[in-house]
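Coordinates as given in work.cif (mmCIF, C-alpha atoms and all ligand atoms):
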```cif
data_data
loop_
_atom_site.group_PDB
_atom_site.id
_atom_site.type_symbol
_atom_site.label_atom_id
_atom_site.label_comp_id
_atom_site.auth_asym_id
_atom_site.auth_seq_id
_atom_site.Cartn_x
_atom_site.Cartn_y
_atom_site.Cartn_z
ATOM 1 C CA MET A 30 89.507 104.937 83.417
ATOM 2 C CA ARG A 31 86.814 104.442 86.019
ATOM 3 C CA LEU A 32 87.645 105.794 89.453
ATOM 4 C CA SER A 33 85.582 105.482 92.593
ATOM 5 C CA GLN A 34 85.962 105.502 96.357
ATOM 6 C CA GLN A 35 84.257 102.603 98.119
ATOM 7 C CA ASN A 36 84.514 101.085 101.542
ATOM 8 C CA VAL A 37 84.628 97.517 100.305
ATOM 9 C CA SER A 38 87.416 95.174 101.243
ATOM 10 C CA PHE A 39 89.069 92.597 99.030
ATOM 11 C CA SER A 40 91.927 90.362 99.984
ATOM 12 C CA ASP A 41 95.409 91.533 99.091
ATOM 13 C CA GLU A 42 96.915 90.551 95.789
ATOM 14 C CA GLU A 43 100.687 90.717 95.421
ATOM 15 C CA LEU A 44 101.673 91.074 91.791
ATOM 16 C CA ASP A 45 105.016 90.967 90.033
ATOM 17 C CA ILE A 46 105.793 94.455 88.679
ATOM 18 C CA ARG A 47 105.400 93.093 85.101
ATOM 19 C CA SER A 48 101.878 91.799 85.704
ATOM 20 C CA PRO A 49 99.526 92.992 82.890
ATOM 21 C CA LYS A 50 97.050 94.101 85.569
ATOM 22 C CA LEU A 51 99.503 96.803 86.680
ATOM 23 C CA VAL A 52 100.061 98.353 83.252
ATOM 24 C CA PRO A 53 97.237 100.958 83.534
ATOM 25 C CA LEU A 54 98.420 101.973 87.017
ATOM 26 C CA ILE A 55 102.067 102.290 86.066
ATOM 27 C CA THR A 56 101.203 104.557 83.134
ATOM 28 C CA TYR A 57 98.050 106.222 84.475
ATOM 29 C CA PRO A 58 96.118 107.702 82.733
ATOM 30 C CA HIS A 59 97.744 107.351 79.261
ATOM 31 C CA TYR A 60 99.688 104.254 78.211
ATOM 32 C CA SER A 61 102.712 104.392 75.968
ATOM 33 C CA GLU A 62 105.088 101.481 75.492
ATOM 34 C CA CYS A 63 108.153 103.654 75.900
ATOM 35 C CA GLU A 64 106.910 105.219 79.150
ATOM 36 C CA TYR A 65 105.911 101.778 80.494
ATOM 37 C CA LYS A 66 109.311 100.242 79.751
ATOM 38 C CA ASP A 67 111.154 103.170 81.343
ATOM 39 C CA ARG A 68 109.094 102.862 84.506
ATOM 40 C CA ILE A 69 109.710 99.109 84.807
ATOM 41 C CA ILE A 70 113.460 99.769 84.535
ATOM 42 C CA GLU A 71 113.155 102.508 87.171
ATOM 43 C CA MET A 72 111.283 100.146 89.522
ATOM 44 C CA GLU A 73 114.009 97.566 89.098
ATOM 45 C CA SER A 74 116.659 100.171 89.853
ATOM 46 C CA LEU A 75 114.874 100.920 93.150
ATOM 47 C CA GLY A 76 114.673 97.200 93.921
ATOM 48 C CA ILE A 77 110.848 97.125 93.718
ATOM 49 C CA THR A 78 109.864 93.492 93.179
ATOM 50 C CA SER A 79 106.078 93.518 93.544
ATOM 51 C CA ILE A 80 103.018 95.714 94.002
ATOM 52 C CA ILE A 81 100.207 94.912 96.406
ATOM 53 C CA LEU A 82 96.629 95.654 95.412
ATOM 54 C CA GLY A 83 93.486 94.885 97.397
ATOM 55 C CA GLY A 84 91.816 96.055 100.621
ATOM 56 C CA GLY A 85 95.104 96.166 102.544
ATOM 57 C CA GLY A 86 96.679 98.127 99.694
ATOM 58 C CA GLY A 87 94.257 101.052 100.086
ATOM 59 C CA LYS A 88 90.666 102.069 99.474
ATOM 60 C CA THR A 89 90.997 104.198 96.343
ATOM 61 C CA ILE A 90 89.902 102.183 93.330
ATOM 62 C CA ILE A 91 91.320 102.632 89.839
ATOM 63 C CA ASN A 92 90.039 100.249 87.177
ATOM 64 C CA SER A 93 88.816 97.905 89.935
ATOM 65 C CA ALA A 94 92.277 97.848 91.575
ATOM 66 C CA HIS A 95 92.640 99.072 95.182
ATOM 67 C CA VAL A 96 95.562 101.474 95.546
ATOM 68 C CA ALA A 97 96.853 103.567 98.460
ATOM 69 C CA GLY A 98 95.908 106.875 96.871
ATOM 70 C CA LYS A 99 95.546 109.039 93.820
ATOM 71 C CA GLY A 100 96.229 112.737 93.357
ATOM 72 C CA CYS A 101 96.962 115.169 90.555
ATOM 73 C CA VAL A 102 100.647 114.264 90.454
ATOM 74 C CA GLY A 103 100.785 110.600 91.313
ATOM 75 C CA ILE A 104 99.232 107.229 91.939
ATOM 76 C CA VAL A 105 100.469 105.728 95.215
ATOM 77 C CA VAL A 106 100.653 101.955 95.553
ATOM 78 C CA LYS A 107 101.816 99.646 98.300
ATOM 79 C CA SER A 108 104.861 97.805 97.016
ATOM 80 C CA LYS A 109 107.693 95.594 98.115
ATOM 81 C CA VAL A 110 111.456 95.838 97.979
ATOM 82 C CA GLY A 111 112.304 92.220 98.719
ATOM 83 C CA SER A 112 110.449 91.544 101.970
ATOM 84 C CA LYS A 113 110.173 95.224 102.934
ATOM 85 C CA VAL A 114 106.873 97.040 102.299
ATOM 86 C CA CYS A 115 107.022 100.587 100.974
ATOM 87 C CA ALA A 116 104.805 103.179 99.298
ATOM 88 C CA LEU A 117 105.563 103.933 95.672
ATOM 89 C CA LYS A 118 104.394 107.241 94.188
ATOM 90 C CA ILE A 119 104.225 106.884 90.411
ATOM 91 C CA ARG A 120 104.162 110.121 88.410
ATOM 92 C CA ARG A 121 100.951 110.439 86.402
ATOM 93 C CA THR A 122 101.622 110.699 82.686
ATOM 94 C CA ASP A 123 99.467 113.868 82.672
ATOM 95 C CA ALA A 124 101.134 115.467 85.728
ATOM 96 C CA ASP A 125 102.105 119.124 85.411
ATOM 97 C CA ARG A 126 105.766 118.279 86.064
ATOM 98 C CA LYS A 127 108.263 116.279 84.065
ATOM 99 C CA THR A 128 110.083 114.552 86.920
ATOM 100 C CA MET A 129 109.822 113.738 90.616
ATOM 101 C CA ASP A 130 113.264 115.245 91.286
ATOM 102 C CA ASN A 131 112.070 118.440 92.959
ATOM 103 C CA GLU A 132 109.529 116.642 95.135
ATOM 104 C CA ALA A 133 112.196 114.147 96.229
ATOM 105 C CA ARG A 134 114.611 116.967 97.096
ATOM 106 C CA LEU A 135 112.006 118.740 99.226
ATOM 107 C CA HIS A 136 110.836 115.454 100.780
ATOM 108 C CA LYS A 137 114.428 114.722 101.856
ATOM 109 C CA MET A 138 114.626 118.161 103.486
ATOM 110 C CA ALA A 139 111.406 117.396 105.393
ATOM 111 C CA ASN A 140 112.900 114.090 106.542
ATOM 112 C CA SER A 141 115.979 115.969 107.775
ATOM 113 C CA ALA A 142 113.592 118.023 109.933
ATOM 114 C CA GLY A 143 112.105 114.754 111.258
ATOM 115 C CA VAL A 144 108.926 115.089 109.171
ATOM 116 C CA GLY A 145 107.237 112.822 106.609
ATOM 117 C CA PRO A 146 107.475 109.156 105.663
ATOM 118 C CA ILE A 147 111.144 108.220 105.214
ATOM 119 C CA LEU A 148 112.166 108.579 101.574
ATOM 120 C CA GLU A 149 113.810 105.344 100.399
ATOM 121 C CA GLY A 150 114.822 106.363 96.894
ATOM 122 C CA HIS A 151 113.642 108.054 93.751
ATOM 123 C CA THR A 152 113.956 108.084 89.963
ATOM 124 C CA LYS A 153 112.570 110.356 87.233
ATOM 125 C CA ASN A 154 109.027 109.008 87.599
ATOM 126 C CA LEU A 155 108.998 107.337 91.014
ATOM 127 C CA ILE A 156 109.378 108.051 94.706
ATOM 128 C CA ALA A 157 109.716 105.089 97.078
ATOM 129 C CA MET A 158 109.037 105.866 100.726
ATOM 130 C CA GLU A 159 107.928 104.415 104.033
ATOM 131 C CA TYR A 160 104.386 103.041 103.764
ATOM 132 C CA VAL A 161 102.064 104.666 106.299
ATOM 133 C CA SER A 162 99.254 102.355 107.268
ATOM 134 C CA GLY A 163 96.452 104.473 108.658
ATOM 135 C CA GLN A 164 93.566 106.791 107.849
ATOM 136 C CA SER A 165 93.468 110.314 106.517
ATOM 137 C CA ILE A 166 93.034 112.731 109.443
ATOM 138 C CA ILE A 167 89.468 113.492 108.373
ATOM 139 C CA ASP A 168 88.427 109.820 108.431
ATOM 140 C CA TRP A 169 90.334 109.329 111.681
ATOM 141 C CA ALA A 170 88.599 112.326 113.321
ATOM 142 C CA GLY A 171 85.245 110.905 112.225
ATOM 143 C CA ASN A 172 85.922 107.593 113.964
ATOM 144 C CA ASN A 173 84.498 107.937 117.478
ATOM 145 C CA ASN A 174 86.374 104.908 118.794
ATOM 146 C CA LYS A 175 89.748 106.361 117.844
ATOM 147 C CA ALA A 176 89.305 110.125 118.070
ATOM 148 C CA THR A 177 88.673 110.660 121.766
ATOM 149 C CA LYS A 178 89.320 114.103 123.225
ATOM 150 C CA SER A 179 92.715 113.119 124.596
ATOM 151 C CA LYS A 180 93.806 111.385 121.370
ATOM 152 C CA VAL A 181 92.739 114.403 119.315
ATOM 153 C CA ARG A 182 94.933 116.562 121.553
ATOM 154 C CA THR A 183 97.868 114.170 121.136
ATOM 155 C CA VAL A 184 97.498 113.947 117.344
ATOM 156 C CA ALA A 185 96.928 117.697 116.867
ATOM 157 C CA THR A 186 99.942 118.494 119.073
ATOM 158 C CA ALA A 187 102.105 116.101 117.057
ATOM 159 C CA VAL A 188 100.957 117.644 113.738
ATOM 160 C CA LEU A 189 101.695 121.156 115.017
ATOM 161 C CA GLU A 190 105.109 120.112 116.426
ATOM 162 C CA GLN A 191 106.023 118.732 112.991
ATOM 163 C CA CYS A 192 104.863 122.013 111.428
ATOM 164 C CA PHE A 193 107.017 123.936 113.913
ATOM 165 C CA SER A 194 110.023 121.813 112.856
ATOM 166 C CA LEU A 195 109.298 122.594 109.181
ATOM 167 C CA ASP A 196 109.007 126.312 109.980
ATOM 168 C CA ALA A 197 112.343 126.164 111.815
ATOM 169 C CA ALA A 198 113.925 124.360 108.843
ATOM 170 C CA GLY A 199 112.668 127.061 106.441
ATOM 171 C CA LEU A 200 110.559 124.606 104.415
ATOM 172 C CA ASP A 201 106.988 125.649 103.650
ATOM 173 C CA HIS A 202 104.801 122.621 102.840
ATOM 174 C CA GLY A 203 102.314 124.787 100.950
ATOM 175 C CA GLU A 204 99.192 122.644 101.258
ATOM 176 C CA LEU A 205 98.543 122.307 104.971
ATOM 177 C CA SER A 206 95.375 124.354 104.713
ATOM 178 C CA ARG A 207 94.086 121.195 102.956
ATOM 179 C CA LEU A 208 94.982 119.100 105.985
ATOM 180 C CA ALA A 209 92.541 116.287 105.184
ATOM 181 C CA ARG A 210 94.600 115.291 102.138
ATOM 182 C CA HIS A 211 97.984 115.773 103.722
ATOM 183 C CA VAL A 212 97.976 114.039 107.092
ATOM 184 C CA ILE A 213 97.671 110.282 107.575
ATOM 185 C CA VAL A 214 97.151 109.112 111.152
ATOM 186 C CA SER A 215 98.846 105.844 112.015
ATOM 187 C CA ASP A 216 100.451 105.204 115.442
ATOM 188 C CA ARG A 217 101.233 108.917 115.050
ATOM 189 C CA PRO A 218 100.337 111.497 112.397
ATOM 190 C CA TYR A 219 102.449 111.744 109.250
ATOM 191 C CA ILE A 220 102.527 114.830 107.055
ATOM 192 C CA ILE A 221 102.758 113.658 103.425
ATOM 193 C CA ASP A 222 103.284 115.045 99.919
ATOM 194 C CA PHE A 223 106.029 117.656 99.581
ATOM 195 C CA GLU A 224 105.509 118.404 95.870
ATOM 196 C CA SER A 225 104.255 121.932 96.544
ATOM 197 C CA ALA A 226 106.840 122.710 99.223
ATOM 198 C CA SER A 227 109.236 125.638 98.936
ATOM 199 C CA THR A 228 112.395 126.906 100.567
ATOM 200 C CA THR A 229 111.853 130.447 99.303
ATOM 201 C CA ARG A 230 108.268 131.189 100.402
ATOM 202 C CA LYS A 231 107.656 132.522 103.906
ATOM 203 C CA THR A 232 106.969 129.485 106.075
ATOM 204 C CA CYS A 233 103.415 129.229 107.312
ATOM 205 C CA ASN A 234 103.138 125.571 108.269
ATOM 206 C CA VAL A 235 101.977 126.137 111.855
ATOM 207 C CA THR A 236 99.483 128.852 110.939
ATOM 208 C CA ALA A 237 98.024 126.902 107.977
ATOM 209 C CA ALA A 238 97.706 123.641 109.933
ATOM 210 C CA ALA A 239 96.392 125.372 113.070
ATOM 211 C CA GLN A 240 93.693 127.113 111.042
ATOM 212 C CA SER A 241 92.675 123.721 109.618
ATOM 213 C CA ILE A 242 92.640 122.196 113.084
ATOM 214 C CA PHE A 243 90.943 124.975 115.049
ATOM 215 C CA LEU A 244 89.081 127.260 112.695
ATOM 216 C CA TYR A 245 87.998 126.502 109.153
ATOM 217 C CA GLY A 246 87.076 123.495 107.042
ATOM 218 C CA ILE A 247 86.032 119.889 107.385
ATOM 219 C CA VAL A 248 88.784 118.788 109.801
ATOM 220 C CA ALA A 249 88.229 121.803 112.113
ATOM 221 C CA ASN A 250 84.484 121.151 112.165
ATOM 222 C CA LYS A 251 85.064 117.626 113.454
ATOM 223 C CA ILE A 252 87.839 118.580 115.893
ATOM 224 C CA LYS A 253 85.890 121.520 117.343
ATOM 225 C CA LYS A 254 83.018 119.161 118.123
ATOM 226 C CA ILE A 255 85.319 116.651 119.830
ATOM 227 C CA LEU A 256 87.206 119.275 121.870
ATOM 228 C CA GLY A 257 83.946 121.019 122.679
ATOM 229 C CA ASN A 258 85.374 124.559 122.672
ATOM 230 C CA THR A 259 83.605 126.248 119.821
ATOM 231 C CA ASP A 260 83.601 129.889 120.964
ATOM 232 C CA ARG A 261 87.323 130.715 121.100
ATOM 233 C CA GLU A 262 87.842 132.063 117.610
ATOM 234 C CA LYS A 263 89.247 135.420 118.766
ATOM 235 C CA THR A 264 91.764 133.797 121.164
ATOM 236 C CA ILE A 265 92.910 131.446 118.428
ATOM 237 C CA ILE A 266 93.305 134.196 115.832
ATOM 238 C CA HIS A 267 95.267 136.291 118.359
ATOM 239 C CA ALA A 268 97.674 133.415 119.168
ATOM 240 C CA LEU A 269 98.194 132.651 115.484
ATOM 241 C CA ARG A 270 98.809 136.311 114.659
ATOM 242 C CA ASN A 271 101.524 136.506 117.321
ATOM 243 C CA TYR A 272 103.156 133.338 116.025
ATOM 244 C CA LYS A 273 102.913 134.579 112.441
ATOM 245 C CA HIS A 274 104.912 137.700 113.361
ATOM 246 C CA PHE A 275 107.538 135.907 115.450
ATOM 247 C CA HIS A 276 108.076 132.148 115.057
ATOM 248 C CA THR A 277 109.278 131.781 118.653
ATOM 249 C CA ARG A 278 108.854 128.711 120.860
ATOM 250 C CA ALA A 279 106.890 130.822 123.374
ATOM 251 C CA ASN A 280 104.440 131.972 120.696
ATOM 252 C CA PHE A 281 104.176 128.395 119.443
ATOM 253 C CA ASP A 282 103.489 127.100 122.972
ATOM 254 C CA ALA A 283 100.633 129.604 123.198
ATOM 255 C CA VAL A 284 99.158 127.953 120.061
ATOM 256 C CA LEU A 285 99.544 124.492 121.635
ATOM 257 C CA ASP A 286 97.826 125.776 124.800
ATOM 258 C CA LEU A 287 94.686 126.179 122.702
ATOM 259 C CA LEU A 288 94.411 122.400 122.766
ATOM 260 C CA LEU A 289 94.075 122.279 126.563
HETATM 261 N N1 LIG B 1 103.709 107.136 102.316
HETATM 262 C C1 LIG B 1 102.424 106.827 102.096
HETATM 263 N N2 LIG B 1 101.878 105.731 102.682
HETATM 264 C C2 LIG B 1 100.578 105.410 102.446
HETATM 265 N N3 LIG B 1 99.746 106.114 101.647
HETATM 266 C C3 LIG B 1 100.250 107.218 101.043
HETATM 267 C C4 LIG B 1 101.598 107.630 101.240
HETATM 268 N N4 LIG B 1 101.821 108.750 100.528
HETATM 269 C C5 LIG B 1 100.648 109.038 99.921
HETATM 270 N N5 LIG B 1 99.695 108.126 100.221
HETATM 271 C C6 LIG B 1 98.286 108.131 99.757
HETATM 272 O O1 LIG B 1 98.252 108.539 98.402
HETATM 273 C C7 LIG B 1 97.472 109.746 98.252
HETATM 274 C C8 LIG B 1 98.091 110.613 97.171
HETATM 275 O O2 LIG B 1 99.422 110.956 97.553
HETATM 276 P P1 LIG B 1 99.993 112.422 97.315
HETATM 277 O O3 LIG B 1 99.205 113.396 98.089
HETATM 278 O O4 LIG B 1 101.471 112.378 97.585
HETATM 279 O O5 LIG B 1 99.736 112.568 95.745
HETATM 280 P P2 LIG B 1 99.478 113.897 94.896
HETATM 281 O O6 LIG B 1 99.315 113.443 93.494
HETATM 282 O O7 LIG B 1 100.562 114.881 95.153
HETATM 283 O O8 LIG B 1 98.099 114.388 95.507
HETATM 284 P P3 LIG B 1 97.425 115.867 95.493
HETATM 285 O O9 LIG B 1 96.830 116.058 94.134
HETATM 286 O O10 LIG B 1 96.375 115.771 96.591
HETATM 287 O O11 LIG B 1 98.487 116.850 95.834
HETATM 288 C C9 LIG B 1 97.421 110.362 99.650
HETATM 289 O O12 LIG B 1 96.282 111.142 99.853
HETATM 290 C C10 LIG B 1 97.430 109.126 100.539
HETATM 291 O O13 LIG B 1 96.122 108.591 100.649
HETATM 292 MG MG MG B 2 100.318 116.682 95.942
#
```

Could you render the structure from this file as structure tokens?
Amino acid sequence: MRLSQQNVSFSDEELDIRSPKLVPLITYPHYSECEYKDRIIEMESLGITSIILGGGGGKTIINSAHVAGKGCVGIVVKSKVGSKVCALKIRRTDADRKTMDNEARLHKMANSAGVGPILEGHTKNLIAMEYVSGQSIIDWAGNNNKATKSKVRTVATAVLEQCFSLDAAGLDHGELSRLARHVIVSDRPYIIDFESASTTRKTCNVTAAAQSIFLYGIVANKIKKILGNTDREKTIIHALRNYKHFHTRANFDAVLDLLL
């Protein structure tokens, strides 16, 4: 399979789920007839009628098809349930898990805390959820027209508030130190991908996301430049240490104050 990321735009193409063009995506990266047939039946059980490829369907390209995204666990495609658009995460045939059951369970918990795209339904190999039309936070932060100082504050506050809700719910996302891959900014930011989440680990959503926003890595580098306060590392570390010890609203507000 050839995979590349390009900023080209093709018109959308809505295909019936049985279209031959979709076969390599539905069973990515290894085709087997049995797996393919199972997945078609699962799509039908979720009411998925078509899949949309093309520029509006995402900018990741697999075998010359534009999809919404690709990770180690799944291929995400824009799809339709009747007239309703949704995102469909299809388990990769080489994923290190046999089903999407655990991810769906944790995703539902996140939704109960008011976080994440709304989960619409799931089967062994599929998760159907609200489609988030936007850019990854790293691309968004690199777009000078969108990421003004005040919008960065609004988006960062919203991400941290969602993290605070996850902390309060006892659900640790687990990958928020890799914020660039786990936040899509639309009309508001959405935290995605709950496959590595846990209800037993100590929750560190706020601290992991805040470090990615204020301190280390590619998102922080962009945000620090936009906010223009590059010499506050000690203050930030102090506020995060306090919050880490006691997840109180007052300690969290002190973290949010760093955005002012
Ligand atoms: N609800 C959604 N709406 C739109 N695009 C989405 C949605 N969920 C995921 N995506 C896109 O698909 C990509 C892969 O999704 P996701 O992170 O859930 O897969 P993964 O296999 O678990 O990835 P990783 O290996 O990074 O953990 C995301 O980076 C994002 O670009
Ligand atoms: Mg993942």

Throw together the list of residues within 9 Å of ligand LIG 1 (chain B), counting all atoms listed in the file, and drop it here as an mmCIF file with C-alpha atoms, keeping the file's coordinate frame.
```cif
data_model
loop_
_atom_site.group_PDB
_atom_site.id
_atom_site.type_symbol
_atom_site.label_atom_id
_atom_site.label_comp_id
_atom_site.auth_asym_id
_atom_site.auth_seq_id
_atom_site.Cartn_x
_atom_site.Cartn_y
_atom_site.Cartn_z
ATOM 1 C CA GLY A 86 96.679 98.127 99.694
ATOM 2 C CA GLY A 87 94.257 101.052 100.086
ATOM 3 C CA LYS A 88 90.666 102.069 99.474
ATOM 4 C CA THR A 89 90.997 104.198 96.343
ATOM 5 C CA VAL A 96 95.562 101.474 95.546
ATOM 6 C CA ALA A 97 96.853 103.567 98.460
ATOM 7 C CA GLY A 98 95.908 106.875 96.871
ATOM 8 C CA LYS A 99 95.546 109.039 93.820
ATOM 9 C CA GLY A 100 96.229 112.737 93.357
ATOM 10 C CA CYS A 101 96.962 115.169 90.555
ATOM 11 C CA VAL A 102 100.647 114.264 90.454
ATOM 12 C CA GLY A 103 100.785 110.600 91.313
ATOM 13 C CA ILE A 104 99.232 107.229 91.939
ATOM 14 C CA VAL A 105 100.469 105.728 95.215
ATOM 15 C CA VAL A 106 100.653 101.955 95.553
ATOM 16 C CA LYS A 107 101.816 99.646 98.300
ATOM 17 C CA CYS A 115 107.022 100.587 100.974
ATOM 18 C CA ALA A 116 104.805 103.179 99.298
ATOM 19 C CA LEU A 117 105.563 103.933 95.672
ATOM 20 C CA LYS A 118 104.394 107.241 94.188
ATOM 21 C CA ILE A 119 104.225 106.884 90.411
ATOM 22 C CA ARG A 120 104.162 110.121 88.410
ATOM 23 C CA ARG A 121 100.951 110.439 86.402
ATOM 24 C CA ALA A 124 101.134 115.467 85.728
ATOM 25 C CA GLY A 145 107.237 112.822 106.609
ATOM 26 C CA PRO A 146 107.475 109.156 105.663
ATOM 27 C CA ILE A 147 111.144 108.220 105.214
ATOM 28 C CA LEU A 148 112.166 108.579 101.574
ATOM 29 C CA ALA A 157 109.716 105.089 97.078
ATOM 30 C CA MET A 158 109.037 105.866 100.726
ATOM 31 C CA GLU A 159 107.928 104.415 104.033
ATOM 32 C CA TYR A 160 104.386 103.041 103.764
ATOM 33 C CA VAL A 161 102.064 104.666 106.299
ATOM 34 C CA SER A 162 99.254 102.355 107.268
ATOM 35 C CA GLY A 163 96.452 104.473 108.658
ATOM 36 C CA GLN A 164 93.566 106.791 107.849
ATOM 37 C CA SER A 165 93.468 110.314 106.517
ATOM 38 C CA GLU A 204 99.192 122.644 101.258
ATOM 39 C CA ARG A 207 94.086 121.195 102.956
ATOM 40 C CA ALA A 209 92.541 116.287 105.184
ATOM 41 C CA ARG A 210 94.600 115.291 102.138
ATOM 42 C CA HIS A 211 97.984 115.773 103.722
ATOM 43 C CA VAL A 212 97.976 114.039 107.092
ATOM 44 C CA ILE A 213 97.671 110.282 107.575
ATOM 45 C CA TYR A 219 102.449 111.744 109.250
ATOM 46 C CA ILE A 220 102.527 114.830 107.055
ATOM 47 C CA ILE A 221 102.758 113.658 103.425
ATOM 48 C CA ASP A 222 103.284 115.045 99.919
ATOM 49 C CA PHE A 223 106.029 117.656 99.581
ATOM 50 C CA GLU A 224 105.509 118.404 95.870
ATOM 51 C CA SER A 225 104.255 121.932 96.544
#
```

Result set of the PyMOL selection byres (((chain A and resi 266) around 12) and not hetatm) on the coordinates above, as number ranges by chain: A: 236-237, 239-240, 243-245, 260-265, 267-273, 283-284, 287

Shell of 8 Å around region 43-46 of chain A, only C-alpha atoms, local chain residues under 5 positions omitted, as a ChimeraX atom specification: /A:51,69,72,77-82

Nearest-residue call for Gly84 (chain A), choices A:Ser112, A:Ser40, A:Lys127, A:Arg47, using only C-alpha atoms: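 Smallest separation from Gly84 (chain A) among the options: A:Ser40.
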
Which residue of A:Ile167, A:Ala279, A:Leu200, A:Met129 approaches ligand MG 2 (chain B) most closely, using all atoms listed in the file: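 Of A:Ile167, A:Ala279, A:Leu200, A:Met129, the one nearest ligand MG 2 (chain B), counting all atoms listed in the file, is A:Met129.
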
Ser61 (chain A) environment, 10 Å, all atoms listed in the file, sequence neighbours closer than 5 positions dropped, as number ranges by chain: A: 52-53, 56, 66, 122

Residue nearest Glu73 (chain A) - candidates A:His151, A:Lys231, A:Lys180, A:Lys175, atoms counted: only C-alpha atoms: A:His151

Atom-to-atom span, CA of Glu71 (chain A) and CA of Met138 (chain A), Å: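 Spanning CA of Glu71 (chain A) to CA of Met138 (chain A) is a straight-line distance of 22.7 Å.
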
Selected residue, from A:Glu62, A:Glu132, A:Asp123, A:Glu42, that lies nearest to ligand MG 2 (chain B) when counting only C-alpha atoms and all ligand atoms: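 Looking at the shortest contact to ligand MG 2 (chain B), the residue is A:Glu132.
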
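Compared by their closest atoms to ligand MG 2 (chain B), and using all atoms listed in the file, the residues A:Gly150, A:Pro58, A:Gly246, A:Gly203 rank with A:Gly203 nearest.
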
Point-to-point distance in Å for CA of Ala238 (chain A) and CA of Leu205 (chain A):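 Atom-to-atom, CA of Leu205 (chain A) to CA of Ala238 (chain A), that is 5.2 Å.
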
Distance criterion (all atoms listed in the file): nearest to ligand MG 2 (chain B) out of A:His95, A:His276, A:His136, A:Lys254: A:His136

When the PyMOL selection byres (((chain A and resi 182-192) around 7) and not hetatm) is applied to the structure above, which residues does it catch, written out as a tab-separated table (two decimals) with C-alpha atoms, keeping the file's coordinate frame?
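Generated file (selection-v4.tsv):
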```tsv
chain	number	residue	atom	x	y	z
A	144	VAL	CA	108.93	115.09	109.17
A	178	LYS	CA	89.32	114.10	123.22
A	179	SER	CA	92.72	113.12	124.60
A	180	LYS	CA	93.81	111.38	121.37
A	181	VAL	CA	92.74	114.40	119.32
A	193	PHE	CA	107.02	123.94	113.91
A	194	SER	CA	110.02	121.81	112.86
A	195	LEU	CA	109.30	122.59	109.18
A	196	ASP	CA	109.01	126.31	109.98
A	217	ARG	CA	101.23	108.92	115.05
A	218	PRO	CA	100.34	111.50	112.40
A	234	ASN	CA	103.14	125.57	108.27
A	235	VAL	CA	101.98	126.14	111.86
A	238	ALA	CA	97.71	123.64	109.93
A	285	LEU	CA	99.54	124.49	121.64
A	288	LEU	CA	94.41	122.40	122.77
```

Length of the CA of His59 (chain A) to CA of Lys109 (chain A) vector [Å]: 24.3 Å

Contact residues around Thr177 (chain A) with all atoms listed in the file at 9 Å, ignoring same-chain residues under 5 positions, as a ChimeraX atom specification: /A:170,172,182,255-256

Include C-alpha atoms and write out the residues we just selected as an mmCIF file, in the frame of the given file.
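Below you can see again_20.cif, which holds the result:
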```
data_model
loop_
_atom_site.group_PDB
_atom_site.id
_atom_site.type_symbol
_atom_site.label_atom_id
_atom_site.label_comp_id
_atom_site.auth_asym_id
_atom_site.auth_seq_id
_atom_site.Cartn_x
_atom_site.Cartn_y
_atom_site.Cartn_z
ATOM 1 C CA ALA A 170 88.599 112.326 113.321
ATOM 2 C CA ASN A 172 85.922 107.593 113.964
ATOM 3 C CA ARG A 182 94.933 116.562 121.553
ATOM 4 C CA ILE A 255 85.319 116.651 119.830
ATOM 5 C CA LEU A 256 87.206 119.275 121.870
#
```
